[in-house]
>>> print(open('entry-v8.cif').read())   # mmCIF, C-alpha atoms and all ligand atoms
data_input
loop_
_atom_site.label_atom_id
_atom_site.label_comp_id
_atom_site.auth_asym_id
_atom_site.auth_seq_id
_atom_site.Cartn_x
_atom_site.Cartn_y
_atom_site.Cartn_z
CA MET A 1304 0.00 0.00 0.00
CA ALA A 1305 2.66 2.46 1.08
CA SER A 1306 4.78 1.69 -1.93
CA SER A 1307 1.87 1.96 -4.38
CA SER A 1308 0.76 5.35 -3.03
CA GLY A 1309 4.42 6.41 -3.08
CA CYS A 1310 4.51 5.42 -6.70
CA ARG A 1311 1.35 7.42 -7.41
CA ALA A 1312 2.82 10.47 -5.71
CA TRP A 1313 5.90 10.11 -7.87
CA HIS A 1314 3.76 9.99 -11.00
CA CYS A 1315 1.87 13.01 -9.81
CA LEU A 1316 5.08 14.98 -9.38
CA LEU A 1317 6.24 13.93 -12.82
CA ALA A 1318 2.92 15.00 -14.35
CA LEU A 1319 3.14 18.36 -12.59
CA PHE A 1320 6.67 18.83 -13.87
CA LEU A 1321 5.67 17.97 -17.44
CA LEU A 1322 2.71 20.32 -17.30
CA SER A 1323 4.76 23.14 -15.83
CA SER A 1324 6.84 25.31 -18.10
CA SER A 1325 10.03 24.08 -16.40
CA ALA A 1326 10.00 20.97 -18.61
CA TYR A 1327 10.50 23.31 -21.57
CA GLY A 1328 12.64 25.93 -19.88
CA GLN A 1329 10.75 29.22 -19.94
CA LEU A 1330 8.75 28.32 -23.04
CA SER A 1331 5.27 26.83 -22.99
CA PRO A 1332 3.03 25.28 -25.68
CA SER A 1333 0.08 27.36 -24.41
CA PHE A 1334 1.93 30.70 -24.54
CA TYR A 1335 -0.44 32.22 -27.14
CA ALA A 1336 -3.57 30.28 -26.10
CA LYS A 1337 -5.34 33.46 -25.04
CA SER A 1338 -3.49 36.12 -27.03
CA CYS A 1339 -3.63 34.35 -30.41
CA PRO A 1340 -5.82 31.25 -30.29
CA THR A 1341 -5.83 30.83 -34.09
CA LEU A 1342 -2.02 30.91 -34.42
CA GLN A 1343 -1.49 27.20 -35.01
CA LEU A 1344 -4.34 27.08 -37.54
CA ILE A 1345 -2.90 30.01 -39.48
CA VAL A 1346 0.56 28.46 -39.58
CA ARG A 1347 -0.84 25.06 -40.60
CA ALA A 1348 -3.05 26.53 -43.35
CA THR A 1349 -0.22 28.62 -44.78
CA MET A 1350 2.16 25.68 -44.66
CA ILE A 1351 -0.34 23.44 -46.47
CA LYS A 1352 -0.62 26.10 -49.17
CA ALA A 1353 3.18 26.33 -49.45
CA LEU A 1354 3.58 22.54 -49.65
CA LEU A 1355 0.86 22.23 -52.27
CA ALA A 1356 2.92 24.61 -54.39
CA GLU A 1357 6.18 22.78 -53.57
CA ARG A 1358 6.46 19.78 -51.27
CA ARG A 1359 10.15 20.41 -50.67
CA MET A 1360 9.26 23.53 -48.71
CA GLY A 1361 8.50 21.31 -45.69
CA ALA A 1362 12.15 20.23 -45.66
CA SER A 1363 13.42 23.74 -46.28
CA LEU A 1364 11.55 25.17 -43.30
CA LEU A 1365 12.72 22.40 -40.99
CA ARG A 1366 16.28 23.32 -41.91
CA LEU A 1367 15.64 27.05 -41.51
CA HIS A 1368 14.66 26.57 -37.84
CA PHE A 1369 17.86 24.53 -37.23
CA HIS A 1370 19.97 27.30 -38.78
CA ASP A 1371 18.14 29.86 -36.64
CA CYS A 1372 18.67 27.95 -33.37
CA PHE A 1373 22.38 27.21 -33.85
CA VAL A 1374 23.25 30.91 -34.16
CA GLN A 1375 22.56 33.07 -31.06
CA GLY A 1376 19.74 30.64 -30.17
CA CYS A 1377 16.22 30.40 -31.63
CA ASP A 1378 15.65 34.13 -31.96
CA GLY A 1379 14.70 34.67 -35.60
CA SER A 1380 18.17 36.14 -36.29
CA ILE A 1381 18.49 34.19 -39.55
CA LEU A 1382 15.46 36.04 -40.94
CA LEU A 1383 17.03 39.52 -40.80
CA ASP A 1384 17.99 41.00 -44.17
CA ASP A 1385 21.20 42.88 -44.81
CA VAL A 1386 19.94 46.49 -44.85
CA GLY A 1387 22.14 49.56 -44.92
CA SER A 1388 25.01 48.92 -42.52
CA PHE A 1389 23.22 45.99 -40.86
CA VAL A 1390 24.87 42.66 -41.66
CA GLY A 1391 22.75 39.57 -41.06
CA GLU A 1392 23.33 35.83 -41.39
CA LYS A 1393 21.87 35.24 -44.83
CA THR A 1394 25.22 35.57 -46.58
CA ALA A 1395 27.02 33.16 -44.22
CA PHE A 1396 28.58 30.28 -46.11
CA PRO A 1397 26.11 27.57 -44.92
CA ASN A 1398 23.10 29.85 -45.64
CA VAL A 1399 23.81 31.73 -48.84
CA ASP A 1400 22.11 30.32 -51.96
CA SER A 1401 21.04 27.43 -49.77
CA VAL A 1402 18.56 28.23 -46.99
CA ARG A 1403 15.08 28.52 -48.46
CA GLY A 1404 11.65 29.49 -47.25
CA TYR A 1405 12.05 33.11 -46.14
CA GLU A 1406 9.00 34.08 -48.26
CA VAL A 1407 6.88 31.41 -46.58
CA ILE A 1408 7.79 32.83 -43.16
CA ASP A 1409 6.79 36.27 -44.52
CA GLU A 1410 3.46 34.89 -45.68
CA ILE A 1411 2.74 33.21 -42.33
CA LYS A 1412 3.75 36.37 -40.47
CA LYS A 1413 1.49 38.49 -42.70
CA ASN A 1414 -1.48 36.20 -42.00
CA VAL A 1415 -0.75 36.03 -38.26
CA GLU A 1416 -0.47 39.84 -38.08
CA LEU A 1417 -3.93 40.16 -39.64
CA LEU A 1418 -5.53 38.29 -36.74
CA CYS A 1419 -3.07 38.89 -33.88
CA PRO A 1420 -1.09 42.06 -34.60
CA GLY A 1421 2.13 42.53 -32.65
CA ILE A 1422 1.75 39.34 -30.60
CA VAL A 1423 3.66 36.44 -32.18
CA SER A 1424 7.43 36.34 -32.69
CA CYS A 1425 9.10 35.36 -35.94
CA ALA A 1426 11.24 32.88 -33.96
CA ASP A 1427 8.08 31.06 -32.81
CA ILE A 1428 6.67 31.10 -36.34
CA ALA A 1429 9.87 29.42 -37.56
CA ALA A 1430 9.57 26.74 -34.85
CA LEU A 1431 5.93 26.04 -35.75
CA ALA A 1432 6.70 25.96 -39.48
CA ALA A 1433 9.47 23.40 -38.83
CA ARG A 1434 7.05 21.19 -36.91
CA ASP A 1435 4.37 21.50 -39.60
CA GLY A 1436 6.87 20.84 -42.40
CA THR A 1437 7.89 17.62 -40.64
CA PHE A 1438 4.33 16.52 -39.97
CA LEU A 1439 2.94 17.40 -43.41
CA LEU A 1440 5.62 15.24 -45.03
CA GLY A 1441 4.53 12.25 -42.96
CA GLY A 1442 6.68 12.74 -39.87
CA PRO A 1443 5.77 12.99 -36.20
CA SER A 1444 3.96 15.92 -34.64
CA TRP A 1445 4.54 17.53 -31.26
CA SER A 1446 3.43 20.45 -29.12
CA VAL A 1447 5.88 23.25 -29.78
CA PRO A 1448 6.95 25.16 -26.66
CA LEU A 1449 6.41 28.86 -27.46
CA GLY A 1450 7.18 32.31 -26.10
CA ARG A 1451 10.45 33.09 -27.86
CA ARG A 1452 11.06 36.72 -28.74
CA ASP A 1453 12.96 38.11 -31.71
CA SER A 1454 16.53 39.35 -31.66
CA THR A 1455 17.58 42.84 -32.63
CA THR A 1456 20.96 41.45 -33.70
CA ALA A 1457 22.38 38.73 -35.92
CA SER A 1458 25.83 37.19 -36.18
CA LEU A 1459 27.46 36.44 -39.50
CA THR A 1460 30.58 35.27 -37.64
CA GLU A 1461 28.70 32.79 -35.48
CA ALA A 1462 26.73 31.51 -38.48
CA ASN A 1463 30.02 30.76 -40.20
CA SER A 1464 31.59 29.13 -37.15
CA ASP A 1465 28.72 27.27 -35.46
CA LEU A 1466 26.67 25.82 -38.32
CA PRO A 1467 28.25 22.42 -38.98
CA ALA A 1468 29.85 21.78 -42.37
CA PRO A 1469 29.17 18.59 -44.34
CA SER A 1470 32.88 17.78 -44.32
CA LEU A 1471 33.03 17.40 -40.52
CA SER A 1472 34.18 14.21 -38.82
CA LEU A 1473 31.98 12.48 -36.24
CA GLY A 1474 34.14 13.92 -33.44
CA LEU A 1475 33.69 17.48 -34.71
CA LEU A 1476 29.94 17.01 -35.25
CA ILE A 1477 29.59 15.78 -31.67
CA LYS A 1478 31.57 18.84 -30.53
CA ALA A 1479 29.44 21.26 -32.57
CA PHE A 1480 26.26 19.83 -31.05
CA ASP A 1481 27.74 19.68 -27.55
CA LYS A 1482 28.40 23.42 -27.84
CA LYS A 1483 24.60 23.79 -28.07
CA GLN A 1484 24.03 21.36 -25.17
CA LEU A 1485 22.83 18.67 -27.58
CA SER A 1486 24.04 15.10 -27.02
CA PRO A 1487 25.46 12.64 -29.57
CA GLN A 1488 22.03 10.95 -29.46
CA ASP A 1489 20.39 14.29 -30.35
CA LEU A 1490 22.87 14.66 -33.21
CA THR A 1491 22.03 11.24 -34.61
CA ALA A 1492 18.27 11.71 -34.20
CA LEU A 1493 18.24 15.24 -35.65
CA SER A 1494 20.35 14.19 -38.63
CA GLY A 1495 17.37 11.97 -39.51
CA ALA A 1496 15.88 15.21 -40.88
CA HIS A 1497 17.97 14.31 -43.93
CA THR A 1498 15.28 11.77 -44.78
CA ILE A 1499 13.66 14.69 -46.62
CA GLY A 1500 15.00 17.33 -48.95
CA PHE A 1501 17.94 17.86 -51.25
CA SER A 1502 21.58 18.82 -51.32
CA GLN A 1503 23.58 20.67 -53.93
CA CYS A 1504 26.48 18.85 -55.56
CA LEU A 1505 29.10 21.17 -54.05
CA ASN A 1506 28.21 19.83 -50.63
CA PHE A 1507 28.60 16.12 -51.44
CA ARG A 1508 31.16 16.12 -54.29
CA ASP A 1509 34.10 15.31 -52.06
CA HIS A 1510 32.22 12.42 -50.40
CA ILE A 1511 31.16 10.73 -53.65
CA TYR A 1512 34.56 11.12 -55.35
CA ASN A 1513 36.95 10.69 -52.41
CA GLY A 1514 34.90 9.00 -49.68
CA THR A 1515 35.92 5.50 -48.68
CA ASN A 1516 32.81 4.55 -46.73
CA ILE A 1517 30.37 4.66 -49.68
CA ASP A 1518 28.50 2.11 -51.78
CA PRO A 1519 30.23 2.24 -55.22
CA ALA A 1520 26.93 1.93 -57.12
CA PHE A 1521 25.50 4.85 -55.14
CA ALA A 1522 28.62 6.93 -55.81
CA THR A 1523 28.34 6.18 -59.54
CA LEU A 1524 24.67 7.19 -59.55
CA ARG A 1525 25.39 10.50 -57.86
CA LYS A 1526 28.42 11.26 -60.05
CA ARG A 1527 26.10 11.28 -63.07
CA THR A 1528 24.69 14.65 -62.06
CA CYS A 1529 27.60 15.94 -59.97
CA PRO A 1530 30.70 16.40 -62.13
CA ALA A 1531 34.13 15.96 -60.48
CA GLN A 1532 35.45 19.36 -61.44
CA ALA A 1533 34.14 22.35 -59.48
CA PRO A 1534 32.35 24.60 -60.23
CA ASN A 1535 30.73 22.37 -62.86
CA GLY A 1536 27.30 21.31 -61.66
CA ASP A 1537 27.87 22.86 -58.22
CA LYS A 1538 24.20 23.68 -57.83
CA ASN A 1539 22.79 20.40 -59.18
CA LEU A 1540 20.45 18.81 -56.67
CA ALA A 1541 20.32 15.25 -55.40
CA PRO A 1542 17.82 13.88 -52.88
CA PHE A 1543 19.18 12.86 -49.48
CA ASP A 1544 17.02 9.75 -49.55
CA VAL A 1545 17.20 7.71 -52.76
CA GLN A 1546 13.86 5.96 -52.17
CA THR A 1547 11.40 8.37 -50.49
CA GLN A 1548 12.83 11.84 -50.89
CA LEU A 1549 9.89 13.83 -49.58
CA LEU A 1550 8.55 11.38 -47.03
CA PHE A 1551 9.63 11.78 -43.43
CA ASP A 1552 10.39 8.17 -42.52
CA ASN A 1553 13.40 6.27 -41.13
CA ALA A 1554 14.86 5.45 -44.57
CA TYR A 1555 17.77 7.80 -43.81
CA TYR A 1556 19.17 5.24 -41.36
CA ARG A 1557 18.62 2.32 -43.73
CA ASN A 1558 20.60 4.31 -46.30
CA LEU A 1559 23.44 4.85 -43.82
CA VAL A 1560 23.68 1.12 -43.10
CA ALA A 1561 23.77 0.52 -46.89
CA LYS A 1562 26.56 3.17 -47.15
CA ARG A 1563 24.27 5.46 -49.10
CA GLY A 1564 24.63 8.56 -46.96
CA LEU A 1565 24.77 11.60 -49.25
CA LEU A 1566 27.00 13.87 -47.18
CA ASN A 1567 30.19 12.91 -45.44
CA SER A 1568 28.53 14.19 -42.23
CA ASP A 1569 25.70 11.70 -42.77
CA GLN A 1570 27.86 8.64 -43.37
CA VAL A 1571 30.17 9.31 -40.38
CA LEU A 1572 27.20 8.45 -38.14
CA PHE A 1573 27.62 4.88 -39.37
CA ASN A 1574 31.29 4.17 -39.97
CA GLY A 1575 32.30 1.81 -37.20
CA GLY A 1576 32.07 4.55 -34.57
CA SER A 1577 30.05 5.43 -31.48
CA GLN A 1578 26.71 6.05 -33.26
CA ASP A 1579 26.51 2.76 -35.21
CA ALA A 1580 24.39 1.01 -32.58
CA LEU A 1581 21.86 3.87 -32.40
CA VAL A 1582 21.61 4.02 -36.21
CA ARG A 1583 20.78 0.30 -36.21
CA GLN A 1584 18.15 0.87 -33.51
CA TYR A 1585 16.51 3.57 -35.62
CA VAL A 1586 16.42 1.16 -38.57
CA ALA A 1587 14.75 -1.52 -36.47
CA ASN A 1588 12.41 0.78 -34.56
CA PRO A 1589 10.88 3.73 -36.46
CA ALA A 1590 8.82 4.71 -33.41
CA LEU A 1591 11.99 5.12 -31.35
CA PHE A 1592 13.43 7.39 -34.06
CA ALA A 1593 10.23 9.46 -34.13
CA SER A 1594 10.21 9.89 -30.38
CA ASP A 1595 13.94 10.71 -30.11
CA PHE A 1596 13.57 13.15 -33.01
CA VAL A 1597 10.75 14.98 -31.24
CA THR A 1598 12.68 15.12 -27.96
CA ALA A 1599 15.73 16.51 -29.76
CA MET A 1600 13.68 19.06 -31.75
CA ILE A 1601 12.20 20.39 -28.49
CA LYS A 1602 15.71 20.56 -26.98
CA MET A 1603 17.05 22.33 -30.06
CA GLY A 1604 14.08 24.72 -30.02
CA ASN A 1605 15.02 25.61 -26.47
CA ILE A 1606 18.52 26.91 -27.27
CA ASN A 1607 18.94 30.36 -25.69
CA PRO A 1608 15.48 31.79 -26.34
CA LEU A 1609 14.88 35.46 -25.64
CA THR A 1610 11.95 35.64 -23.23
CA GLY A 1611 10.12 38.11 -20.99
CA THR A 1612 11.09 41.61 -22.02
CA ALA A 1613 14.28 40.66 -23.86
CA GLY A 1614 14.33 41.31 -27.61
CA GLN A 1615 11.12 42.30 -29.37
CA ILE A 1616 8.20 41.04 -31.45
CA ARG A 1617 9.23 42.09 -34.93
CA ARG A 1618 6.48 43.48 -37.13
CA ASN A 1619 8.35 42.38 -40.23
CA CYS A 1620 10.55 39.30 -39.80
CA ARG A 1621 13.20 40.77 -42.10
CA VAL A 1622 13.92 43.96 -40.17
CA VAL A 1623 14.33 45.09 -36.60
CA ASN A 1624 11.46 47.36 -35.47
CA SER A 1625 12.39 51.01 -35.83
C1 LIG B 1 24.60 17.30 -38.40
C2 LIG B 1 25.03 18.34 -39.06
C3 LIG B 1 24.39 18.80 -40.32
C4 LIG B 1 25.04 19.13 -41.47
C5 LIG B 1 26.55 19.11 -41.70
C6 LIG B 1 24.03 19.50 -42.44
C7 LIG B 1 24.30 19.92 -43.72
C8 LIG B 1 23.36 20.11 -44.70
C9 LIG B 1 23.65 20.44 -46.07
C10 LIG B 1 25.04 20.67 -46.64
C11 LIG B 1 22.47 20.49 -46.73
C12 LIG B 1 22.27 20.78 -48.22
C13 LIG B 1 22.22 22.29 -48.43
C14 LIG B 1 22.38 22.68 -49.88
O1 LIG B 1 22.98 21.94 -50.64
O2 LIG B 1 21.89 23.78 -50.23
C15 LIG B 1 21.42 20.21 -45.80
C16 LIG B 1 20.09 20.15 -46.09
C17 LIG B 1 19.09 19.90 -45.17
N1 LIG B 1 19.27 19.81 -43.81
FE1 LIG B 1 21.01 19.54 -42.84
N2 LIG B 1 22.80 19.39 -41.88
C18 LIG B 1 22.95 18.97 -40.58
C19 LIG B 1 21.95 18.80 -39.64
C20 LIG B 1 20.63 19.07 -39.87
C21 LIG B 1 19.61 19.17 -38.85
C22 LIG B 1 19.89 19.06 -37.35
C23 LIG B 1 18.43 19.40 -39.48
C24 LIG B 1 17.07 19.62 -38.89
C25 LIG B 1 16.69 19.15 -37.74
C26 LIG B 1 18.70 19.43 -40.90
C27 LIG B 1 17.76 19.56 -41.88
C28 LIG B 1 18.05 19.62 -43.24
C29 LIG B 1 17.03 19.52 -44.26
C30 LIG B 1 15.57 19.22 -44.05
C31 LIG B 1 17.69 19.73 -45.49
C32 LIG B 1 17.07 19.77 -46.88
C33 LIG B 1 16.63 21.20 -47.16
C34 LIG B 1 15.98 21.44 -48.50
O3 LIG B 1 15.78 20.53 -49.29
O4 LIG B 1 15.71 22.63 -48.77
N3 LIG B 1 20.04 19.27 -41.10
N4 LIG B 1 21.98 19.99 -44.55
#
>>> encode(input="entry-v8.cif", output="structure tokens", more="lines below")
Ligand code: HEM
Amino acid sequence: MASSSGCRAWHCLLALFLLSSSAYGQLSPSFYAKSCPTLQLIVRATMIKALLAERRMGASLLRLHFHDCFVQGCDGSILLDDVGSFVGEKTAFPNVDSVRGYEVIDEIKKNVELLCPGIVSCADIAALAARDGTFLLGGPSWSVPLGRRDSTTASLTEANSDLPAPSLSLGLLIKAFDKKQLSPQDLTALSGAHTIGFSQCLNFRDHIYNGTNIDPAFATLRKRTCPAQAPNGDKNLAPFDVQTQLLFDNAYYRNLVAKRGLLNSDQVLFNGGSQDALVRQYVANPALFASDFVTAMIKMGNINPLTGTAGQIRRNCRVVNS
């Protein structure tokens, strides 16, 4: 009796913790419940429209949120345009001619402003768009902790230093994620985002021509549209996932086991190193992947948010309020 009531008390405490905002840091899924009850509907509707025009946009917006969070935290800094003397992050090497979806964020923001003017941050819109992009392409859904505010600054330097490059070794990828308080397990789960979307040849050329841990038939296939000599074909696209390029499933990990990772940074997760066992688990258990992915997305979304009176709610996601 004593032990069972003790157990119930323990569950009760756990439930209280999960319901309290402390489980999400200072963010909370119900942050706009009163101030903008239609927010999630507006984001979902606008995302459906964007994906009907181009399915890939789901992938592009998932990536945009990642590139926001890894630089100064999830504060919408990636959305700021270079204007006058202001230098943003859009021209950073990992972002320029690569990150897509800024117009979709503009469209969502415009629609949200119509119903809830001055209430919702661009950083939160990016987090919701990433979730919807994942879900609308067949992936898991989750309650997005909200309440981030927008930065008045951006950092080109940090975008260049902290966004991981596709050439990185496993050790350096683990280090780059550790810098953001994300574990090797988070790294491996979040990399599963590469089950959707595309890469340009310049980012995987070295891996398909010089990589040693690659299926030769896969390398040959990719070489057909990615010529050896830069800058020839630099911008040519290849899908991350050979089989189901715009379906959010666990095929990414099956590809890794078959040595069909597109980027060097993908294949190093399965190369006889510390992440091999987890990759195999994600192959065998898609539900485990989905749940670890969601956990890691919430952790990533919690990197250094501006809350309370810090930062601002931008009226236009591209410029700091005057
Ligand atoms: C682990 C380190 C990572 C590296 C080195 C990396 C690198 C890259 C590169 C080079 C591209 C192709 C960009 C281009 O050619 O224009 C790409 C695309 C993409 N990345 Fe990552 N990435 C990483 C982690 C992540 C994470 C954590 C996410 C999200 C949770 C993510 C989501 C995506 C998506 C969805 C695309 C496809 C975008 C599209 O088709 O528009 N990546 N990534």
>>> residues_near_ligand(input="entry-v8.cif", ligand="ligand LIG 1 (chain B)", cutoff="8 Å", atoms="only C-alpha atoms and all ligand atoms", output="count of residues only")
50
>>> closest_residue(input="entry-v8.cif", among="A:Lys1483, A:His1370, A:Arg1617, A:Lys1393", to="Ala1433 of chain A", atoms="all atoms listed in the file")
A:His1370
>>> atom_distance(input="entry-v8.cif", atom1="atom CA of Ser1331 of chain A", atom2="atom CA of Phe1373 of chain A")
20.3 Å
>>> closest_atom_pairs(input="entry-v8.cif", of="segment 1427-1482 of chain A", to="segment 1385-1391 of chain A", cutoff="8 Å", atoms="all atoms listed in the file", output="Markdown table")
| residue | atom | partner | partner_atom | distance |
| --- | --- | --- | --- | --- |
| A:Thr1456 | CA | A:Gly1391 | CA | 7.8 |
| A:Ala1457 | CA | A:Gly1391 | CA | 5.2 |
| A:Ser1458 | CA | A:Gly1391 | CA | 6.2 |
| A:Leu1459 | CA | A:Gly1391 | CA | 5.9 |
>>> residues_around(input="entry-v8.cif", residues="Ala1429 of chain A", least_positions_apart="4", cutoff="12 Å", atoms="all atoms listed in the file", output="count of residues only")
44
>>> residues_around(input="entry-v8.cif", residues="Trp1445 of chain A", least_positions_apart="4", cutoff="10 Å", atoms="all atoms listed in the file", output="list in words")
Pro1332, Leu1431, Arg1434, Asp1435, Thr1437, Phe1438, Ser1594, Val1597, Thr1598, Met1600 and Ile1601 of chain A
>>> write_last_selection(input="entry-v8.cif", atoms="C-alpha atoms", output="PDB file, keeping the file's coordinate frame")
ATOM      1  CA  PRO A1332       3.030  25.280 -25.680  1.00  0.00           C
ATOM      2  CA  LEU A1431       5.930  26.040 -35.750  1.00  0.00           C
ATOM      3  CA  ARG A1434       7.050  21.190 -36.910  1.00  0.00           C
ATOM      4  CA  ASP A1435       4.370  21.500 -39.600  1.00  0.00           C
ATOM      5  CA  THR A1437       7.890  17.620 -40.640  1.00  0.00           C
ATOM      6  CA  PHE A1438       4.330  16.520 -39.970  1.00  0.00           C
ATOM      7  CA  SER A1594      10.210   9.890 -30.380  1.00  0.00           C
ATOM      8  CA  VAL A1597      10.750  14.980 -31.240  1.00  0.00           C
ATOM      9  CA  THR A1598      12.680  15.120 -27.960  1.00  0.00           C
ATOM     10  CA  MET A1600      13.680  19.060 -31.750  1.00  0.00           C
ATOM     11  CA  ILE A1601      12.200  20.390 -28.490  1.00  0.00           C
TER      12      ILE A1601
END
>>> atom_distance(input="entry-v8.cif", atom1="atom CA of Asn1624 of chain A", atom2="atom CA of Ile1428 of chain A")
17.0 Å
>>> closest_residue(input="entry-v8.cif", among="A:Ser1446, A:Thr1455, A:Ser1464, A:Gln1546", to="Val1622 of chain A", atoms="all atoms listed in the file")
A:Thr1455
>>> closest_residue(input="entry-v8.cif", among="A:Gln1548, A:Ser1338, A:Thr1528, A:Asn1619", to="Leu1440 of chain A", atoms="only C-alpha atoms")
A:Gln1548
>>> closest_residue(input="entry-v8.cif", among="A:Pro1534, A:Gly1441, A:Pro1420, A:Gly1611", to="Arg1358 of chain A", atoms="all atoms listed in the file")
A:Gly1441
>>> atom_distance(input="entry-v8.cif", atom1="atom CA of Val1374 of chain A", atom2="atom CA of Ala1462 of chain A")
5.6 Å
>>> closest_residue(input="entry-v8.cif", among="A:Ala1430, A:Val1415, A:Val1571, A:Ala1348", to="Ile1477 of chain A", atoms="only C-alpha atoms")
A:Val1571
>>> closest_residue(input="entry-v8.cif", among="A:Lys1526, A:Lys1482, A:Arg1563, A:Lys1413", to="Asn1607 of chain A", atoms="only C-alpha atoms")
A:Lys1482
>>> residues_around(input="entry-v8.cif", residues="segment 1573-1579 of chain A", least_positions_apart="3", cutoff="12 Å", atoms="only C-alpha atoms", output="mmCIF file with C-alpha atoms, in the frame of the given file")
data_model
loop_
_atom_site.group_PDB
_atom_site.id
_atom_site.type_symbol
_atom_site.label_atom_id
_atom_site.label_comp_id
_atom_site.auth_asym_id
_atom_site.auth_seq_id
_atom_site.Cartn_x
_atom_site.Cartn_y
_atom_site.Cartn_z
ATOM 1 C CA SER A 1472 34.180 14.210 -38.820
ATOM 2 C CA LEU A 1473 31.980 12.480 -36.240
ATOM 3 C CA GLY A 1474 34.140 13.920 -33.440
ATOM 4 C CA LEU A 1476 29.940 17.010 -35.250
ATOM 5 C CA ILE A 1477 29.590 15.780 -31.670
ATOM 6 C CA SER A 1486 24.040 15.100 -27.020
ATOM 7 C CA PRO A 1487 25.460 12.640 -29.570
ATOM 8 C CA GLN A 1488 22.030 10.950 -29.460
ATOM 9 C CA ASP A 1489 20.390 14.290 -30.350
ATOM 10 C CA LEU A 1490 22.870 14.660 -33.210
ATOM 11 C CA THR A 1491 22.030 11.240 -34.610
ATOM 12 C CA ALA A 1492 18.270 11.710 -34.200
ATOM 13 C CA SER A 1494 20.350 14.190 -38.630
ATOM 14 C CA GLY A 1514 34.900 9.000 -49.680
ATOM 15 C CA THR A 1515 35.920 5.500 -48.680
ATOM 16 C CA ASN A 1516 32.810 4.550 -46.730
ATOM 17 C CA ILE A 1517 30.370 4.660 -49.680
ATOM 18 C CA TYR A 1555 17.770 7.800 -43.810
ATOM 19 C CA TYR A 1556 19.170 5.240 -41.360
ATOM 20 C CA ARG A 1557 18.620 2.320 -43.730
ATOM 21 C CA ASN A 1558 20.600 4.310 -46.300
ATOM 22 C CA LEU A 1559 23.440 4.850 -43.820
ATOM 23 C CA VAL A 1560 23.680 1.120 -43.100
ATOM 24 C CA ALA A 1561 23.770 0.520 -46.890
ATOM 25 C CA LYS A 1562 26.560 3.170 -47.150
ATOM 26 C CA ARG A 1563 24.270 5.460 -49.100
ATOM 27 C CA GLY A 1564 24.630 8.560 -46.960
ATOM 28 C CA LEU A 1566 27.000 13.870 -47.180
ATOM 29 C CA ASN A 1567 30.190 12.910 -45.440
ATOM 30 C CA SER A 1568 28.530 14.190 -42.230
ATOM 31 C CA ASP A 1569 25.700 11.700 -42.770
ATOM 32 C CA GLN A 1570 27.860 8.640 -43.370
ATOM 33 C CA VAL A 1582 21.610 4.020 -36.210
ATOM 34 C CA ARG A 1583 20.780 0.300 -36.210
ATOM 35 C CA GLN A 1584 18.150 0.870 -33.510
ATOM 36 C CA TYR A 1585 16.510 3.570 -35.620
ATOM 37 C CA VAL A 1586 16.420 1.160 -38.570
#
